[in-house]
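The structure appears below as structure tokens.
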Amino acid sequence: MTLDLMPMVAVTASAATLALLGSFLVLRRQAMLGDAMAHSVLPGLVVAFLLTGSRAAGPMFLGAAAAAALSGAAIGAIIRYGRVERSAAIGLVYTTMFALGVLLLELNGGANVDLDVDCVLSGQLELMFWNAPTTWAEVLEGPSLAGLPPQPLRLVGLLAASCTAVVAGWPLLRAVAFDAPFARSRGLHPSAASAGLMTLTILAIVLSFDAVGSILAIALLTCPPATARLLTDRMGPYVLLSVGLGAAAGLLGYLLATRAAPLLLGGSVDASGTVAALSGLGLLAAAACTARARRLPESQGADL
Amino acid sequence: MILRSREALAPLALRSLSVGYRGVPALWDVSWEAREGALTAIVGPNGAGKSTLLNAAIGALRPLAGETFFWGQSFADARSRVAYVPQRESVDWDFPVTALEVVEMGAARRFDWLLPAWARRGEAHRRHRMEAHSCLDELGLGAFADRPIGQLSGGQQQRVFLARALAQQADLLLLDEPFAGVDAETEDALFQRLRRLCSEGTTVVAVHHDLDTARSRFDDALLLAGSVVATGPAREALSEDNVRRAFAPTSPAAHQLA
């Protein structure tokens, strides 16, 4: 057991959760929305932090949810009254919200060291170092368990909850994502299903944000699902592969940043950035490898 | 509420239905009844409110005024007897599901919406799978059951949608442009299947864009142009005169397009 087992668990669990929830956003061609949420929750988080003076998960989630709701309303209003198309409105709102968040941070920067621009981007993995017990005797003694950092446990819990929700509601989520008008006519509630997924997604962004920063959330909501989508045409394998790719990017990225980089570059690099870059490279590789195969069925289809 | 017997019997009855988007009316004061066991076409120019009518009937759009009855009941009470098929373009055909999985959505009832297939190995699940297979077979898609829907042609996709509606075993089918992008041969096969459903007592209402086939293939027609222009047996409702009125630049629908 190593000192940084917990950061490693946190990065991997957060990457897997974001990839799982992001796979539904990508399916519904709403990847932009995930990106927008990951950015626009920032002012909510900063305000919640300034009001409570702590990084407790509850107030942070409320702040993030309020900021997300405000962004949603602003996007709706801009589409309606500004007569701009949807993606332009989303782009406008989330950059503004993120800028507002950074501004709030800078204005209050001197007052606290717990929340600054660096930890917004990359999180505070070093806070999760934990002296893991090396023998069973140590485990039973207890004090080391009391020192267990809460963030990794929360992230693992959220991963378990998200997996349970997705498995339990699988046929419903699939029908709603594929054909909402049909699903509604069968008495299902597409808006309730997407609200549920949105809540989990915001929760995942907030918890990840605390642990690993916002860069990771933005990349992991989109890259692993998009990569998985290139590799399979079945929904079950797609979601599984997405989670697997997310977890792999998290674990590998963390190890690269903390183990390989010191050997190669003479010092460790930012783990979140490495994970994000790795998932992006994975997408690039999958796109390059499947480009030929994806062209073939189309031309065959035209012959039929 | 006491209903007149005709209302209680009609599979679909609209009473003074008006529907609008953001306050601009798209359908105005439509009263109409579908005849049981008939194949009915809803015809009209672009923007006449054909799809709007179906969407309002099934409660996807809230009407400005008026009511819809299914055998005298609200849609919520009658939904198990009604199958709705949206326009083909309304869904993403790159979605990673197979033809069989789409048709199984039609066979699903209540608790089938929970837990994935591998977690439900019961008798009911096997029966649904058999039903879905036979619905695909009926429309000549048996060999395509395990194909991702993105690999199917437009006509095959349209047939998958109809197979899903068949799997619902409904008494009323509401189809939005079921023949769009379908080749002549498929169109013929689909009409034969719908005709057989009607002879078994099922009522079929389809938004349709082709006037010639609307006259020759359908029993009844509802000619719309923002409001009702004509109803009745297809050939009479779609007379040259009525069609000219519906598609005239002075009709309400034409005004909205301008």
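We label chains A, B, ... in the order they appear in the structure tokens, count residues from 1 in each chain, and number ligands from 1 in the order shown.
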Find the residues of chain B that sit at most 7 Å from chain A; for each, write down the nearest two atoms and how far apart they are in Å, to one decimal. Count only C-alpha atoms. Sort by chain, then by number going up, and give it as a tab-separated table.
residue	atom	partner	partner_atom	distance
B:Ile58	CA	A:Ser185	CA	6.5
B:Arg79	CA	A:Arg186	CA	6.6
B:Tyr84	CA	A:Phe182	CA	6.4
B:Val85	CA	A:Phe182	CA	6.7
B:Pro86	CA	A:Phe182	CA	6.9
B:Val91	CA	A:Asp179	CA	5.8
B:Asp92	CA	A:Phe178	CA	6.9
B:Phe95	CA	A:Phe178	CA	6.6
B:Pro96	CA	A:Arg234	CA	4.7
B:Val97	CA	A:Arg234	CA	5.6
B:Met105	CA	A:Ala175	CA	6.9
B:Trp113	CA	A:Leu172	CA	4.9
B:Leu114	CA	A:Gly169	CA	4.9
B:Leu115	CA	A:Ala168	CA	4.6
B:Pro116	CA	A:Trp170	CA	5.5
B:Pro148	CA	A:Asp233	CA	6.3
B:Gln151	CA	A:Gly301	CA	6.9
Hey, what's within 9 Å of segment 57-63 of chain A if we count only C-alpha atoms and toss same-chain stuff fewer than 5 positions away? As a short mmCIF file (atom, residue, chain, number, x, y, z; two decimals) with C-alpha atoms, in the first residue's frame, please?
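Below you can see around_31.cif, which holds the result:
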data_model
loop_
_atom_site.label_atom_id
_atom_site.label_comp_id
_atom_site.auth_asym_id
_atom_site.auth_seq_id
_atom_site.Cartn_x
_atom_site.Cartn_y
_atom_site.Cartn_z
CA VAL A 41 -21.18 25.41 -11.84
CA LEU A 42 -18.01 27.28 -10.85
CA PRO A 43 -19.60 30.54 -9.62
CA GLY A 44 -22.08 28.47 -7.60
CA LEU A 45 -19.24 26.58 -5.95
CA VAL A 46 -17.31 29.77 -5.19
CA VAL A 47 -20.35 31.49 -3.69
CA ALA A 48 -21.18 28.40 -1.61
CA PHE A 49 -17.58 28.32 -0.40
CA THR A 52 -20.00 28.71 4.38
CA ALA A 68 -26.68 25.00 -13.26
CA ILE A 202 -24.03 17.63 -11.50
CA LEU A 203 -23.28 15.61 -8.37
CA VAL A 206 -19.19 18.70 -7.92
CA LEU A 207 -17.55 15.72 -6.21
CA ASP A 210 -13.47 18.91 -5.19
#
Residue neighbourhood Thr68 of chain B, 12 Å, only C-alpha atoms, exclusion window fewer than 6 positions, as a count of residues only: 32
Å distance separating atom CA of Met6 of chain A from atom CA of Pro150 of chain A, one decimal place: 9.6 Å
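When the distance limit is 8 Å and only C-alpha atoms are what count, the residues near segment 206-223 of chain B, minus those fewer than 5 positions from it on the same chain, are Ala38, Leu39, Thr40, Ala41, Ile42, Val43, Gly44, Lys50, Ser51, Leu173, Leu174, Leu175, Asp176, Glu177, Pro178, Phe179, Phe191, Val228, Val229, Ala230, Thr231, Gly232, Pro233, Ala234, Arg235, Ala237, Leu238, Val243 and Ala246 of chain B.
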Would you mind exporting N, CA and C atoms of the selected residues as a compact mmCIF listing (two decimals), in the first residue's frame?
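File part.txt, as written:
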# COMPACT_ATOMS: atom_id res chain seq x y z
N ALA B 38 -61.39 1.87 -39.79
CA ALA B 38 -61.10 2.52 -41.07
C ALA B 38 -59.64 2.93 -41.15
N LEU B 39 -59.16 3.02 -42.38
CA LEU B 39 -57.82 3.52 -42.64
C LEU B 39 -57.98 4.97 -43.08
N THR B 40 -57.55 5.90 -42.22
CA THR B 40 -57.82 7.32 -42.46
C THR B 40 -56.52 8.08 -42.71
N ALA B 41 -56.55 8.95 -43.74
CA ALA B 41 -55.39 9.79 -44.02
C ALA B 41 -55.65 11.20 -43.51
N ILE B 42 -54.63 11.79 -42.85
CA ILE B 42 -54.69 13.22 -42.53
C ILE B 42 -53.82 13.92 -43.57
N VAL B 43 -54.45 14.78 -44.39
CA VAL B 43 -53.77 15.39 -45.52
C VAL B 43 -53.85 16.90 -45.40
N GLY B 44 -52.81 17.57 -45.92
CA GLY B 44 -52.84 19.04 -45.93
C GLY B 44 -51.48 19.58 -46.31
N LYS B 50 -50.90 18.90 -39.29
CA LYS B 50 -51.15 17.44 -39.30
C LYS B 50 -50.45 16.75 -38.13
N SER B 51 -49.13 16.95 -38.01
CA SER B 51 -48.39 16.34 -36.90
C SER B 51 -48.83 16.94 -35.57
N LEU B 173 -53.93 2.94 -34.21
CA LEU B 173 -52.57 3.30 -34.60
C LEU B 173 -52.56 4.74 -35.08
N LEU B 174 -51.69 5.56 -34.52
CA LEU B 174 -51.52 6.94 -34.97
C LEU B 174 -50.13 7.03 -35.59
N LEU B 175 -50.08 7.18 -36.91
CA LEU B 175 -48.81 7.13 -37.63
C LEU B 175 -48.51 8.49 -38.25
N ASP B 176 -47.30 9.00 -37.99
CA ASP B 176 -46.92 10.30 -38.57
C ASP B 176 -46.01 10.06 -39.78
N GLU B 177 -46.53 10.27 -40.97
CA GLU B 177 -45.79 10.08 -42.23
C GLU B 177 -45.13 8.71 -42.32
N PRO B 178 -45.90 7.63 -42.22
CA PRO B 178 -45.28 6.30 -42.23
C PRO B 178 -44.71 5.89 -43.58
N PHE B 179 -45.05 6.64 -44.63
CA PHE B 179 -44.57 6.25 -45.96
C PHE B 179 -43.48 7.18 -46.48
N PHE B 191 -49.08 -1.00 -46.90
CA PHE B 191 -50.52 -0.79 -47.06
C PHE B 191 -51.30 -2.09 -46.87
N VAL B 228 -60.27 22.46 -40.21
CA VAL B 228 -60.78 21.39 -41.07
C VAL B 228 -61.31 21.97 -42.37
N VAL B 229 -60.82 21.45 -43.51
CA VAL B 229 -61.34 21.86 -44.82
C VAL B 229 -62.42 20.88 -45.26
N ALA B 230 -62.15 19.57 -45.11
CA ALA B 230 -63.14 18.58 -45.49
C ALA B 230 -62.88 17.28 -44.76
N THR B 231 -63.92 16.50 -44.50
CA THR B 231 -63.77 15.16 -43.93
C THR B 231 -64.72 14.24 -44.67
N GLY B 232 -64.49 12.93 -44.49
CA GLY B 232 -65.40 11.96 -45.09
C GLY B 232 -64.66 10.92 -45.89
N PRO B 233 -65.38 10.17 -46.73
CA PRO B 233 -64.71 9.18 -47.57
C PRO B 233 -63.61 9.85 -48.40
N ALA B 234 -62.46 9.17 -48.52
CA ALA B 234 -61.26 9.82 -49.05
C ALA B 234 -61.49 10.51 -50.38
N ARG B 235 -62.15 9.81 -51.34
CA ARG B 235 -62.31 10.38 -52.67
C ARG B 235 -63.12 11.66 -52.65
N ALA B 237 -63.72 13.66 -49.85
CA ALA B 237 -63.08 14.71 -49.05
C ALA B 237 -61.92 15.34 -49.80
N LEU B 238 -61.24 14.54 -50.63
CA LEU B 238 -60.08 15.05 -51.35
C LEU B 238 -60.43 15.38 -52.80
N VAL B 243 -59.23 20.21 -52.36
CA VAL B 243 -57.77 20.27 -52.31
C VAL B 243 -57.30 21.66 -52.71
N ALA B 246 -57.71 23.90 -49.80
CA ALA B 246 -56.75 23.67 -48.71
C ALA B 246 -55.36 24.19 -49.06
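Distances to Ala163 of chain B were evaluated for B:Ile149, B:Arg22, B:Glu104, B:Asp112 using only C-alpha atoms, and the minimum falls at B:Glu104.
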What residues in segment 54-258 of chain B get the DSSP label strand (DSSP E or B)? Please answer as an mmCIF file with N, CA and C atoms, in the first residue's frame.
data_model
loop_
_atom_site.group_PDB
_atom_site.id
_atom_site.type_symbol
_atom_site.label_atom_id
_atom_site.label_comp_id
_atom_site.auth_asym_id
_atom_site.auth_seq_id
_atom_site.Cartn_x
_atom_site.Cartn_y
_atom_site.Cartn_z
ATOM 1 N N ALA B 65 -57.343 24.994 -26.383
ATOM 2 C CA ALA B 65 -58.743 24.756 -26.022
ATOM 3 C C ALA B 65 -59.168 23.423 -26.635
ATOM 4 N N GLY B 66 -60.276 22.900 -26.145
ATOM 5 C CA GLY B 66 -60.821 21.689 -26.722
ATOM 6 C C GLY B 66 -60.336 20.430 -26.026
ATOM 7 N N GLU B 67 -60.907 19.300 -26.455
ATOM 8 C CA GLU B 67 -60.607 18.030 -25.789
ATOM 9 C C GLU B 67 -60.442 16.908 -26.800
ATOM 10 N N THR B 68 -59.772 15.854 -26.368
ATOM 11 C CA THR B 68 -59.602 14.659 -27.188
ATOM 12 C C THR B 68 -60.091 13.462 -26.397
ATOM 13 N N PHE B 69 -60.857 12.599 -27.073
ATOM 14 C CA PHE B 69 -61.331 11.382 -26.407
ATOM 15 C C PHE B 69 -60.915 10.153 -27.190
ATOM 16 N N PHE B 70 -60.506 9.113 -26.457
ATOM 17 C CA PHE B 70 -60.235 7.815 -27.055
ATOM 18 C C PHE B 70 -61.266 6.851 -26.485
ATOM 19 N N GLN B 73 -62.576 8.052 -23.443
ATOM 20 C CA GLN B 73 -61.672 8.226 -22.302
ATOM 21 C C GLN B 73 -60.559 9.210 -22.635
ATOM 22 N N VAL B 82 -53.466 2.451 -27.558
ATOM 23 C CA VAL B 82 -53.066 3.357 -28.636
ATOM 24 C C VAL B 82 -51.574 3.208 -28.919
ATOM 25 N N ALA B 83 -51.224 3.048 -30.192
ATOM 26 C CA ALA B 83 -49.808 3.020 -30.586
ATOM 27 C C ALA B 83 -49.505 4.273 -31.403
ATOM 28 N N TYR B 84 -48.474 5.009 -30.992
ATOM 29 C CA TYR B 84 -48.101 6.228 -31.698
ATOM 30 C C TYR B 84 -46.736 6.032 -32.349
ATOM 31 N N VAL B 85 -46.635 6.352 -33.615
ATOM 32 C CA VAL B 85 -45.364 6.252 -34.332
ATOM 33 C C VAL B 85 -44.966 7.636 -34.834
ATOM 34 N N THR B 98 -30.442 -2.418 -31.811
ATOM 35 C CA THR B 98 -30.771 -3.280 -32.951
ATOM 36 C C THR B 98 -32.261 -3.152 -33.262
ATOM 37 N N PRO B 148 -27.784 -3.339 -36.163
ATOM 38 C CA PRO B 148 -27.956 -1.982 -35.645
ATOM 39 C C PRO B 148 -28.835 -1.194 -36.618
ATOM 40 N N LEU B 172 -55.770 1.252 -31.832
ATOM 41 C CA LEU B 172 -55.715 2.468 -32.641
ATOM 42 C C LEU B 172 -54.253 2.784 -32.925
ATOM 43 N N LEU B 173 -53.925 2.936 -34.210
ATOM 44 C CA LEU B 173 -52.566 3.301 -34.599
ATOM 45 C C LEU B 173 -52.557 4.743 -35.082
ATOM 46 N N LEU B 174 -51.689 5.558 -34.517
ATOM 47 C CA LEU B 174 -51.516 6.935 -34.966
ATOM 48 C C LEU B 174 -50.127 7.034 -35.590
ATOM 49 N N LEU B 175 -50.083 7.182 -36.912
ATOM 50 C CA LEU B 175 -48.810 7.134 -37.626
ATOM 51 C C LEU B 175 -48.511 8.488 -38.252
ATOM 52 N N ASP B 176 -47.300 9.004 -37.995
ATOM 53 C CA ASP B 176 -46.917 10.299 -38.566
ATOM 54 C C ASP B 176 -46.008 10.058 -39.781
ATOM 55 N N THR B 203 -58.215 0.519 -35.852
ATOM 56 C CA THR B 203 -58.378 1.799 -36.526
ATOM 57 C C THR B 203 -56.998 2.379 -36.799
ATOM 58 N N VAL B 204 -56.763 2.843 -38.032
ATOM 59 C CA VAL B 204 -55.463 3.413 -38.378
ATOM 60 C C VAL B 204 -55.644 4.837 -38.880
ATOM 61 N N VAL B 205 -54.929 5.780 -38.250
ATOM 62 C CA VAL B 205 -54.941 7.173 -38.684
ATOM 63 C C VAL B 205 -53.504 7.547 -39.034
ATOM 64 N N ALA B 206 -53.279 7.943 -40.288
ATOM 65 C CA ALA B 206 -51.916 8.222 -40.733
ATOM 66 C C ALA B 206 -51.813 9.595 -41.383
ATOM 67 N N VAL B 207 -50.833 10.388 -40.945
ATOM 68 C CA VAL B 207 -50.509 11.616 -41.662
ATOM 69 C C VAL B 207 -49.886 11.199 -42.982
ATOM 70 N N ASP B 220 -60.953 6.852 -45.481
ATOM 71 C CA ASP B 220 -61.416 8.184 -45.120
ATOM 72 C C ASP B 220 -60.269 9.171 -45.208
ATOM 73 N N ALA B 221 -60.626 10.446 -45.196
ATOM 74 C CA ALA B 221 -59.597 11.473 -45.166
ATOM 75 C C ALA B 221 -60.054 12.640 -44.302
ATOM 76 N N LEU B 222 -59.058 13.279 -43.657
ATOM 77 C CA LEU B 222 -59.286 14.542 -42.946
ATOM 78 C C LEU B 222 -58.370 15.552 -43.625
ATOM 79 N N LEU B 223 -58.975 16.500 -44.334
ATOM 80 C CA LEU B 223 -58.196 17.504 -45.059
ATOM 81 C C LEU B 223 -58.053 18.732 -44.166
ATOM 82 N N LEU B 224 -56.813 19.053 -43.841
ATOM 83 C CA LEU B 224 -56.536 20.136 -42.897
ATOM 84 C C LEU B 224 -55.806 21.289 -43.572
ATOM 85 N N ALA B 225 -56.089 22.494 -43.120
ATOM 86 C CA ALA B 225 -55.269 23.658 -43.488
ATOM 87 C C ALA B 225 -55.378 24.636 -42.330
ATOM 88 N N SER B 227 -57.344 24.613 -40.071
ATOM 89 C CA SER B 227 -58.600 24.112 -39.538
ATOM 90 C C SER B 227 -59.134 23.075 -40.526
ATOM 91 N N VAL B 228 -60.268 22.463 -40.212
ATOM 92 C CA VAL B 228 -60.784 21.391 -41.070
ATOM 93 C C VAL B 228 -61.310 21.974 -42.374
ATOM 94 N N VAL B 229 -60.821 21.449 -43.514
ATOM 95 C CA VAL B 229 -61.340 21.856 -44.816
ATOM 96 C C VAL B 229 -62.421 20.881 -45.261
ATOM 97 N N ALA B 230 -62.146 19.575 -45.106
ATOM 98 C CA ALA B 230 -63.142 18.575 -45.492
ATOM 99 C C ALA B 230 -62.876 17.277 -44.760
ATOM 100 N N THR B 231 -63.918 16.499 -44.496
ATOM 101 C CA THR B 231 -63.775 15.158 -43.931
ATOM 102 C C THR B 231 -64.724 14.235 -44.665
ATOM 103 N N GLY B 232 -64.491 12.927 -44.487
ATOM 104 C CA GLY B 232 -65.404 11.957 -45.085
ATOM 105 C C GLY B 232 -64.660 10.923 -45.886
ATOM 106 N N PRO B 233 -65.376 10.172 -46.730
ATOM 107 C CA PRO B 233 -64.712 9.184 -47.574
ATOM 108 C C PRO B 233 -63.610 9.851 -48.397
#
DSSP-assigned alpha helix (DSSP H) members of segment 30-238 of chain B, reported as a VMD selection string: chain B and resid 50 to 57 75 to 78 99 to 107 123 to 138 154 to 167 184 to 199 211 to 217 234 to 237
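Counting from atom CA of Ala192 of chain A, the distance to atom CA of Ala247 of chain A is 28.0 Å.
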Hey, what's within 6 Å of segment 84-90 of chain A if we count only C-alpha atoms and toss same-chain stuff fewer than 3 positions away? As a short mmCIF file (atom, residue, chain, number, x, y, z; two decimals) with C-alpha atoms, in the first residue's frame, please?
data_model
loop_
_atom_site.label_atom_id
_atom_site.label_comp_id
_atom_site.auth_asym_id
_atom_site.auth_seq_id
_atom_site.Cartn_x
_atom_site.Cartn_y
_atom_site.Cartn_z
CA ILE A 75 -29.80 29.57 -22.06
CA ILE A 79 -32.70 31.27 -27.28
CA VAL A 93 -23.65 31.29 -21.06
#
Residue contacts of Arg154 of chain A (10 Å, only C-alpha atoms) excluding same-chain residues fewer than 2 positions away, as an NGL selection string: :A and (10 or 13-14 or 57 or 149-152 or 156-160 or 204 or 207-208 or 211)
Selection near Gln156 of chain B, 10 Å with only C-alpha atoms, sequence-local residues under 5 positions removed, as a PyMOL selection string: chain B and resi 99+139-141+144+149+151+161-162+181-183+186
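Each of A:Gly244, A:Pro262, A:Gly22, A:Pro224 was compared to Ala277 of chain A using only C-alpha atoms, and A:Pro224 turns out to be the nearest.
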